[in-house]
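Q: run.txt is the file, holding compact mmCIF, C-alpha atoms:
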# COMPACT_ATOMS: atom_id res chain seq x y z
CA MET Z 1 183.60 122.78 94.60
CA ARG Z 2 179.87 123.06 94.20
CA PRO Z 3 177.92 123.60 97.44
CA PRO Z 4 175.88 120.52 98.43
CA PRO Z 5 172.24 120.59 97.28
CA GLU Z 6 169.66 121.81 99.78
CA PRO Z 7 168.06 119.03 101.82
CA LEU Z 8 164.70 118.01 100.38
CA HIS Z 9 162.75 118.74 103.55
CA VAL Z 10 164.05 122.35 103.57
CA ILE Z 11 162.88 122.90 99.99
CA LYS Z 12 159.49 121.32 100.68
CA ARG Z 13 158.98 123.28 103.89
CA ARG Z 14 159.75 126.57 102.13
CA ARG Z 15 157.41 125.90 99.19
CA GLU Z 16 154.58 124.54 101.34
CA GLY Z 17 155.08 127.54 103.62
CA LEU Z 18 154.52 129.97 100.76
CA LEU Z 19 151.44 128.09 99.58
CA ARG Z 20 149.96 127.93 103.11
CA THR Z 21 150.63 131.67 103.60
CA LEU Z 22 148.70 132.48 100.44
CA VAL Z 23 145.79 130.11 101.00
CA ASP Z 24 145.18 129.55 104.70
CA GLY Z 25 144.45 133.14 105.67
CA VAL Z 26 141.48 133.53 103.31
CA PRO Z 27 138.16 132.59 104.98
CA TYR Z 28 136.26 132.26 101.69
CA ILE Z 29 138.73 129.65 100.34
CA ARG Z 30 137.98 127.61 103.48
CA PHE Z 31 134.23 128.22 103.10
CA LEU Z 32 134.23 126.73 99.59
CA GLY Z 33 136.71 124.01 100.64
CA VAL Z 34 139.22 124.71 97.83
CA GLU Z 35 142.56 122.89 98.20
CA PHE Z 36 145.80 123.12 96.23
CA ASP Z 37 147.85 120.20 94.96
CA ARG Z 38 151.49 121.24 94.35
CA ARG Z 39 154.05 119.52 92.10
CA GLY Z 40 157.19 121.67 92.04
CA ASP Z 41 155.88 125.07 90.98
CA GLU Z 42 152.75 123.63 89.30
CA LEU Z 43 149.51 124.20 91.21
CA THR Z 44 146.21 122.40 90.67
CA ALA Z 45 143.22 123.81 92.52
CA VAL Z 46 140.82 121.12 93.77
CA LEU Z 47 137.17 121.70 94.66
CA PRO Z 48 136.01 118.61 96.60
CA PHE Z 49 132.31 118.07 96.00
CA LYS Z 50 129.82 118.83 98.75
CA ASP Z 51 126.04 119.32 98.65
CA SER Z 52 126.23 123.03 99.43
CA LEU Z 53 127.89 123.63 96.01
CA ILE Z 54 124.75 122.53 94.15
CA GLY Z 55 122.81 125.15 92.20
CA ASN Z 56 120.00 123.25 90.56
CA PRO Z 57 118.97 120.31 92.78
CA ARG Z 58 116.84 118.80 90.01
CA LEU Z 59 119.76 118.05 87.64
CA PRO Z 60 121.78 118.18 89.96
CA ALA Z 61 124.54 120.54 88.81
CA LEU Z 62 127.20 122.70 90.45
CA HIS Z 63 126.07 126.30 91.02
CA GLY Z 64 127.48 128.60 88.33
CA GLY Z 65 128.51 130.94 91.11
CA ALA Z 66 130.47 128.21 92.90
CA THR Z 67 132.24 127.43 89.62
CA ALA Z 68 133.04 131.13 89.05
CA ALA Z 69 134.37 131.52 92.59
CA PHE Z 70 136.50 128.38 92.27
CA LEU Z 71 138.04 129.67 89.01
CA GLU Z 72 138.67 133.11 90.49
CA ILE Z 73 140.44 131.61 93.51
CA ALA Z 74 142.54 129.35 91.26
CA ALA Z 75 143.54 132.32 89.05
CA MET Z 76 144.35 134.66 91.93
CA ILE Z 77 146.42 132.15 93.91
CA GLU Z 78 148.37 131.08 90.79
CA LEU Z 79 149.14 134.75 90.05
CA ALA Z 80 150.36 135.49 93.60
CA TRP Z 81 152.25 132.18 93.72
CA SER Z 82 154.08 132.69 90.42
CA THR Z 83 154.92 136.31 91.31
CA LEU Z 84 156.47 135.35 94.66
CA TRP Z 85 158.10 132.06 93.61
CA ASP Z 86 161.46 133.42 92.32
CA GLY Z 87 162.05 135.64 95.33
CA VAL Z 88 161.21 132.92 97.83
CA GLU Z 89 163.42 130.39 96.01
CA SER Z 90 166.43 132.70 95.81
CA GLU Z 91 166.06 134.35 99.23
CA GLY Z 92 165.05 131.11 100.89
CA ALA Z 93 162.53 133.01 103.01
CA LEU Z 94 158.99 134.35 102.81
CA PRO Z 95 158.60 138.09 102.18
CA ASP Z 96 158.18 140.31 105.25
CA GLY Z 97 154.83 141.67 106.37
CA PRO Z 98 151.33 140.56 105.51
CA LEU Z 99 150.99 139.05 102.03
CA ARG Z 100 148.63 141.04 99.89
CA LEU Z 101 146.78 139.23 97.12
CA PRO Z 102 146.14 140.76 93.68
CA LYS Z 103 142.74 142.48 93.28
CA THR Z 104 140.31 141.33 90.60
CA ILE Z 105 139.53 144.02 88.04
CA ASP Z 106 137.25 141.88 85.88
CA PHE Z 107 136.51 138.20 85.45
CA THR Z 108 134.74 136.48 82.55
CA VAL Z 109 133.55 132.91 82.91
CA ASP Z 110 132.68 130.72 79.96
CA TYR Z 111 130.40 127.81 80.98
CA LEU Z 112 131.02 124.95 78.57
CA ARG Z 113 128.93 122.17 80.13
CA PRO Z 114 127.10 121.60 83.41
CA GLY Z 115 129.31 120.98 86.43
CA LEU Z 116 128.60 117.45 87.70
CA PRO Z 117 128.14 116.64 91.40
CA ARG Z 118 131.74 115.46 91.86
CA ASP Z 119 135.22 116.92 92.45
CA ALA Z 120 136.48 119.62 90.09
CA TYR Z 121 140.02 120.67 89.21
CA ALA Z 122 141.48 123.88 87.79
CA ARG Z 123 144.82 125.10 86.51
CA ALA Z 124 145.62 128.73 85.75
CA ARG Z 125 148.20 130.28 83.41
CA VAL Z 126 149.51 133.81 83.79
CA ASN Z 127 149.55 135.15 80.24
CA ARG Z 128 150.84 138.60 81.10
CA SER Z 129 152.22 139.88 84.34
CA GLY Z 130 153.30 143.50 84.55
CA ARG Z 131 154.10 145.72 87.50
CA ARG Z 132 150.51 146.93 87.77
CA TYR Z 133 148.28 144.64 85.71
CA ALA Z 134 148.13 140.94 85.01
CA SER Z 135 145.99 138.77 82.72
CA VAL Z 136 145.28 135.19 83.80
CA HIS Z 137 143.49 132.35 82.02
CA VAL Z 138 142.11 129.38 83.95
CA GLU Z 139 140.61 126.06 82.86
CA ALA Z 140 138.48 123.65 84.91
CA TRP Z 141 137.62 120.02 84.35
CA GLN Z 142 136.18 117.07 86.24
CA ASP Z 143 136.69 113.52 84.96
CA ASN Z 144 138.65 114.23 81.84
CA ARG Z 145 141.39 116.88 81.52
CA ALA Z 146 140.55 117.42 77.83
CA ARG Z 147 136.82 117.99 78.45
CA LEU Z 148 136.70 121.38 80.18
CA PHE Z 149 133.44 122.28 81.91
CA ALA Z 150 134.39 125.94 82.38
CA GLN Z 151 137.16 128.38 81.55
CA ALA Z 152 137.74 132.00 82.50
CA THR Z 153 139.95 135.00 81.88
CA GLY Z 154 140.53 137.72 84.43
CA HIS Z 155 142.50 140.92 84.82
CA PHE Z 156 144.10 141.70 88.15
CA LEU Z 157 145.68 144.71 89.82
CA MET Z 158 148.99 143.74 91.42
CA PRO Z 159 149.63 144.72 95.05
CA GLN Z 160 151.97 147.73 95.05
CA PRO Z 161 155.10 147.49 97.19
CA LEU Z 162 154.80 149.47 100.43
CA ARG Z 163 157.79 151.79 100.39
CA PRO Z 164 156.97 154.96 102.32
CA GLY Z 165 159.25 157.84 101.39
CA SER Z 166 160.65 156.13 98.30
CA LYS Z 167 158.29 157.92 95.96
CA ALA Z 168 160.13 160.06 93.43
CA MET X 1 98.19 134.23 99.64
CA THR X 2 100.76 132.47 97.47
CA ASP X 3 101.98 134.60 94.64
CA ILE X 4 104.89 134.36 92.23
CA THR X 5 107.19 136.14 94.70
CA ASP X 6 106.64 133.47 97.35
CA ILE X 7 107.28 130.70 94.83
CA ALA X 8 110.45 132.43 93.62
CA ARG X 9 111.58 133.10 97.18
CA SER X 10 111.31 129.44 98.13
CA PHE X 11 112.99 128.49 94.85
CA ILE X 12 116.04 130.64 95.70
CA ALA X 13 116.06 129.18 99.21
CA ALA X 14 116.07 125.68 97.67
CA LEU X 15 119.27 126.33 95.70
CA PRO X 16 121.78 124.81 98.14
CA HIS X 17 124.70 127.07 97.21
CA SER X 18 122.66 130.29 97.29
CA HIS X 19 121.24 129.19 100.64
CA ALA X 20 124.76 128.49 101.97
CA LEU X 21 125.75 132.05 101.07
CA GLY X 22 122.70 133.46 102.90
CA MET X 23 121.06 134.97 99.80
CA GLN X 24 117.55 136.36 100.10
CA LEU X 25 115.15 137.36 97.36
CA GLU X 26 113.91 140.91 97.94
CA SER X 27 111.77 141.50 94.88
CA ILE X 28 110.89 139.92 91.58
CA GLY X 29 109.07 141.21 88.51
CA ALA X 30 108.95 140.38 84.81
CA GLY X 31 112.63 139.83 84.06
CA GLN X 32 113.82 141.85 87.07
CA VAL X 33 114.97 140.65 90.47
CA THR X 34 116.76 141.99 93.51
CA ILE X 35 118.68 139.55 95.72
CA SER X 36 120.65 140.44 98.83
CA MET X 37 123.55 138.73 100.61
CA PRO X 38 124.18 139.80 104.21
CA TYR X 39 127.77 140.33 105.39
CA ASP X 40 129.31 137.12 106.73
CA PRO X 41 132.92 136.80 108.03
CA ALA X 42 133.10 133.33 106.39
CA LEU X 43 132.93 135.01 102.96
CA VAL X 44 135.87 137.35 103.51
CA GLY X 45 138.60 137.36 100.85
CA ASP X 46 141.08 139.73 102.48
CA PRO X 47 141.48 139.17 106.24
CA GLU X 48 143.46 142.43 106.58
CA THR X 49 140.47 144.53 105.54
CA GLY X 50 137.47 142.19 106.04
CA VAL X 51 136.33 142.76 102.45
CA ILE X 52 134.08 140.03 100.94
CA HIS X 53 135.77 137.81 98.32
CA GLY X 54 135.01 138.54 94.67
CA GLY X 55 133.95 134.92 94.23
CA ALA X 56 131.05 135.38 96.64
CA VAL X 57 129.98 138.48 94.70
CA SER X 58 130.18 136.39 91.51
CA ALA X 59 127.89 133.76 93.03
CA LEU X 60 125.40 136.50 93.98
CA MET X 61 125.58 137.96 90.45
CA ASP X 62 125.05 134.53 88.86
CA THR X 63 122.06 133.75 91.07
CA ALA X 64 120.42 137.13 90.44
CA CYS X 65 120.99 136.94 86.68
CA GLY X 66 119.63 133.38 86.47
CA ALA X 67 116.57 134.37 88.51
CA ALA X 68 115.98 137.38 86.23
CA VAL X 69 115.94 135.05 83.23
CA MET X 70 113.52 132.63 84.92
CA SER X 71 111.19 135.48 85.85
CA HIS X 72 111.04 136.72 82.25
CA PRO X 73 107.71 135.76 80.62
CA GLN X 74 109.38 134.62 77.37
CA ALA X 75 112.26 132.66 78.89
CA GLY X 76 110.70 129.77 80.80
CA PHE X 77 111.49 128.36 84.21
CA SER X 78 114.85 126.70 83.60
CA THR X 79 118.13 128.22 82.46
CA ALA X 80 121.90 127.78 82.55
CA THR X 81 124.69 130.34 82.36
CA LEU X 82 126.53 130.51 79.02
CA ASP X 83 128.87 133.29 80.06
CA LEU X 84 129.11 135.94 82.70
CA ARG X 85 131.48 138.90 82.88
CA ILE X 86 131.90 140.76 86.12
CA ASP X 87 133.64 144.12 86.61
CA TYR X 88 134.73 144.87 90.15
CA MET X 89 134.58 148.63 90.69
CA ARG X 90 135.43 148.89 94.36
CA PRO X 91 135.61 146.73 97.49
CA ALA X 92 132.26 146.30 99.26
CA THR X 93 132.31 148.04 102.66
CA PRO X 94 132.85 145.41 105.39
CA GLY X 95 129.77 144.78 107.52
CA GLN X 96 127.27 145.88 104.88
CA THR X 97 124.77 143.76 102.94
CA ILE X 98 125.49 143.43 99.21
CA ARG X 99 122.40 143.80 97.03
CA THR X 100 122.22 142.86 93.35
CA ARG X 101 119.60 144.15 90.93
CA ALA X 102 119.50 142.05 87.75
CA GLU X 103 117.53 142.70 84.59
CA CYS X 104 116.92 140.30 81.72
CA HIS X 105 116.80 142.96 78.98
CA HIS X 106 116.56 140.87 75.83
CA VAL X 107 115.34 137.37 75.01
CA THR X 108 115.59 135.47 71.72
CA ARG X 109 114.35 131.93 71.06
CA SER X 110 117.70 130.58 72.28
CA VAL X 111 119.46 133.17 74.40
CA ALA X 112 118.58 135.54 77.25
CA PHE X 113 120.79 138.60 77.85
CA VAL X 114 121.15 139.94 81.36
CA ARG X 115 122.88 142.79 83.17
CA ALA X 116 123.24 143.36 86.87
CA VAL X 117 124.53 145.92 89.36
CA ALA X 118 125.71 145.16 92.89
CA THR X 119 125.76 147.83 95.59
CA ASP X 120 126.25 148.08 99.34
CA ASP X 121 124.67 150.77 101.56
CA ASP X 122 126.03 153.50 99.26
CA GLU X 123 123.81 152.87 96.25
CA SER X 124 125.31 155.73 94.25
CA ARG X 125 128.63 153.90 93.80
CA PRO X 126 128.30 150.34 92.42
CA VAL X 127 130.51 147.63 93.91
CA ALA X 128 130.36 145.48 90.76
CA MET X 129 128.53 145.16 87.46
CA ALA X 130 127.84 142.06 85.41
CA SER X 131 126.60 141.16 81.97
CA GLY X 132 125.88 137.67 80.76
CA ALA X 133 124.16 135.33 78.34
CA PHE X 134 121.91 132.49 79.52
CA THR X 135 120.24 129.56 77.79
CA VAL X 136 116.53 129.60 76.95
CA GLU X 137 114.82 126.22 77.13
CA ARG X 138 112.99 125.18 74.00
CA LYS X 139 109.26 124.90 74.58
CA GLY X 140 108.42 121.31 73.67
Would you mind giving the structure from this file in structure tokens?

A:
Amino acid sequence: MRPPPEPLHVIKRRREGLLRTLVDGVPYIRFLGVEFDRRGDELTAVLPFKDSLIGNPRLPALHGGATAAFLEIAAMIELAWSTLWDGVESEGALPDGPLRLPKTIDFTVDYLRPGLPRDAYARARVNRSGRRYASVHVEAWQDNRARLFAQATGHFLMPQPLRPGSKA
Amino acid sequence: MTDITDIARSFIAALPHSHALGMQLESIGAGQVTISMPYDPALVGDPETGVIHGGAVSALMDTACGAAVMSHPQAGFSTATLDLRIDYMRPATPGQTIRTRAECHHVTRSVAFVRAVATDDDESRPVAMASGAFTVERKG
């Protein structure tokens, strides 16, 4: 007989736990106010609007730097999330020790239209994920999913497993 | 005496996001600026090491590059980023101010090209480098 399915609250607690572990420890994510909306394994980064994100007060428009930082956070968290997802789902537990996030090697932002003074959303896609390097693309929009206001591609260095003495 | 540096300094201070990150204009010339961002625990990306998040460095790069365009005599006083690429060479040393020197090295009727270098106290080893393209407002 098939084992009974896991209770829903156990699944949700495990997945939320992984997301909180990745996001809550990073002061800069809190500083910008970036949040993550999770549907199964799909993450949407949300940047709730606040005045301190404005670059040009005359337009007014989001600061290009705030947009870049938002996209970089969305890309990095998606990469760490998708790397850890399988292990956490099969083991049913978070990995031991402090979680180490990937390191940005380079990040290229393409500004398509001015960021309006309202909430922004971003979704990232890991296009290549190797043992050492990963390439991630991320798209951001505001009112309309099809009208992107910025997109970016970044390369990341994956955290290497800490295994003292295991080196060949 | 009010000179261009004072005007530019108050302009940077009036950009809410740059102000929130504590950025300060150190110098400005024709197409060249230096902007610094003091260490702040709120900007940390890796709590294990205390290293500043790349996103905050990106914001500093973007501000410095935009200011370099605006200070260029052929580019005019308003600009927007078209694209910006940043290479992260090493983590900035925790506790140290990050300083970005940006230079608008070429301007056409439509586009301004900029490059920038960010360093901490060890100026011989860059923390990050950037290159970007910015809009040039049409003179009406």

Q: Give as number ranges by chain every residue of chain Z that touches chain X within 6 Å, counting only C-alpha atoms.

A: Z: 26-28, 52-55, 65, 69, 105-111

Q: Just C-alpha atoms for this one: save the residues we selected as a CSV table (one decimal), keeping the file's coordinate frame.

A:
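Final output, result-v7.csv:
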chain,number,residue,atom,x,y,z
Z,26,VAL,CA,141.5,133.5,103.3
Z,27,PRO,CA,138.2,132.6,105.0
Z,28,TYR,CA,136.3,132.3,101.7
Z,52,SER,CA,126.2,123.0,99.4
Z,53,LEU,CA,127.9,123.6,96.0
Z,54,ILE,CA,124.8,122.5,94.2
Z,55,GLY,CA,122.8,125.2,92.2
Z,65,GLY,CA,128.5,130.9,91.1
Z,69,ALA,CA,134.4,131.5,92.6
Z,105,ILE,CA,139.5,144.0,88.0
Z,106,ASP,CA,137.2,141.9,85.9
Z,107,PHE,CA,136.5,138.2,85.4
Z,108,THR,CA,134.7,136.5,82.6
Z,109,VAL,CA,133.6,132.9,82.9
Z,110,ASP,CA,132.7,130.7,80.0
Z,111,TYR,CA,130.4,127.8,81.0

Q: Leaving out X:Ile28 and any residue of its chain fewer than 2 positions from it, which residues lie within 9 Å of it when counting all atoms listed in the file, given as a count of residues only?

A: 15

Q: Z:Leu18, Z:Ala120, Z:Val10, Z:Leu84: which is nearest Z:Leu71, counting all atoms listed in the file?

A: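 The shortest atom-to-atom distance to Z:Leu71 comes from Z:Ala120.
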
Q: Would you mind reading off the distance between atom CA of Z:Arg147 and atom CA of Z:Ser82, one decimal, in Å?

A: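 Answer for the atom CA of Z:Arg147 to atom CA of Z:Ser82 separation: 25.6 Å.
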
Q: Find, counting all atoms listed in the file, the residue in Z:Gln160, Z:Arg145, Z:Ile73, Z:Pro117 that gets nearest to Z:Lys50.

A: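 Looking only at the distances to Z:Lys50, the closest residue turns out to be Z:Pro117.
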
Q: What does the distance between atom CA of Z:Ala80 and atom CA of Z:Gln142 come to in Å, to one decimal place?

A: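 Atom-to-atom, atom CA of Z:Ala80 to atom CA of Z:Gln142, that is 24.4 Å.
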
Q: Atom CA of Z:Ser90 and atom CA of Z:Arg38, how far apart in Å?

A: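 Computed distance, atom CA of Z:Arg38 to atom CA of Z:Ser90, equals 18.9 Å.
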
Q: Edge lengths and centre in Å to one decimal, as AutoDock Vina command-line options, of the axis-aligned box that encloses all listed atoms of stretch 32-40 of chain Z with 8 Å added on every side?

A:
--center_x 145.7 --center_y 123.1 --center_z 96.3 --size_x 39.0 --size_y 23.2 --size_z 24.6

Q: Identify, on the basis of only C-alpha atoms, every residue whose closest approach to stretch 126-132 of chain Z does not exceed 9 Å; exclude the query and any residue fewer than 5 positions from it along the same chain; express the result as a list in words.

A: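 What passes the distance filter is Ala75, Glu78, Leu79, Ser82, Thr83, His137, Val138, Phe156, Leu157, Met158, Pro159 and Gln160 of chain Z.
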
Q: Using only C-alpha atoms, which protein or nucleic acid residues come within 10 Å of X:His106? Drop anything in the same chain fewer than 3 positions from it, and give the result as a PyMOL selection string.

A: chain X and resi 31+69+72+74-75+103+111-115+133

Q: Generate a file of the selected residues that holds C-alpha atoms, formatted as a compact mmCIF listing (two decimals), in the coordinates of the input.

A:
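See result_32.txt below for the written result:
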# COMPACT_ATOMS: atom_id res chain seq x y z
CA GLY X 31 112.63 139.83 84.06
CA VAL X 69 115.94 135.05 83.23
CA HIS X 72 111.04 136.72 82.25
CA GLN X 74 109.38 134.62 77.37
CA ALA X 75 112.26 132.66 78.89
CA GLU X 103 117.53 142.70 84.59
CA VAL X 111 119.46 133.17 74.40
CA ALA X 112 118.58 135.54 77.25
CA PHE X 113 120.79 138.60 77.85
CA VAL X 114 121.15 139.94 81.36
CA ARG X 115 122.88 142.79 83.17
CA ALA X 133 124.16 135.33 78.34
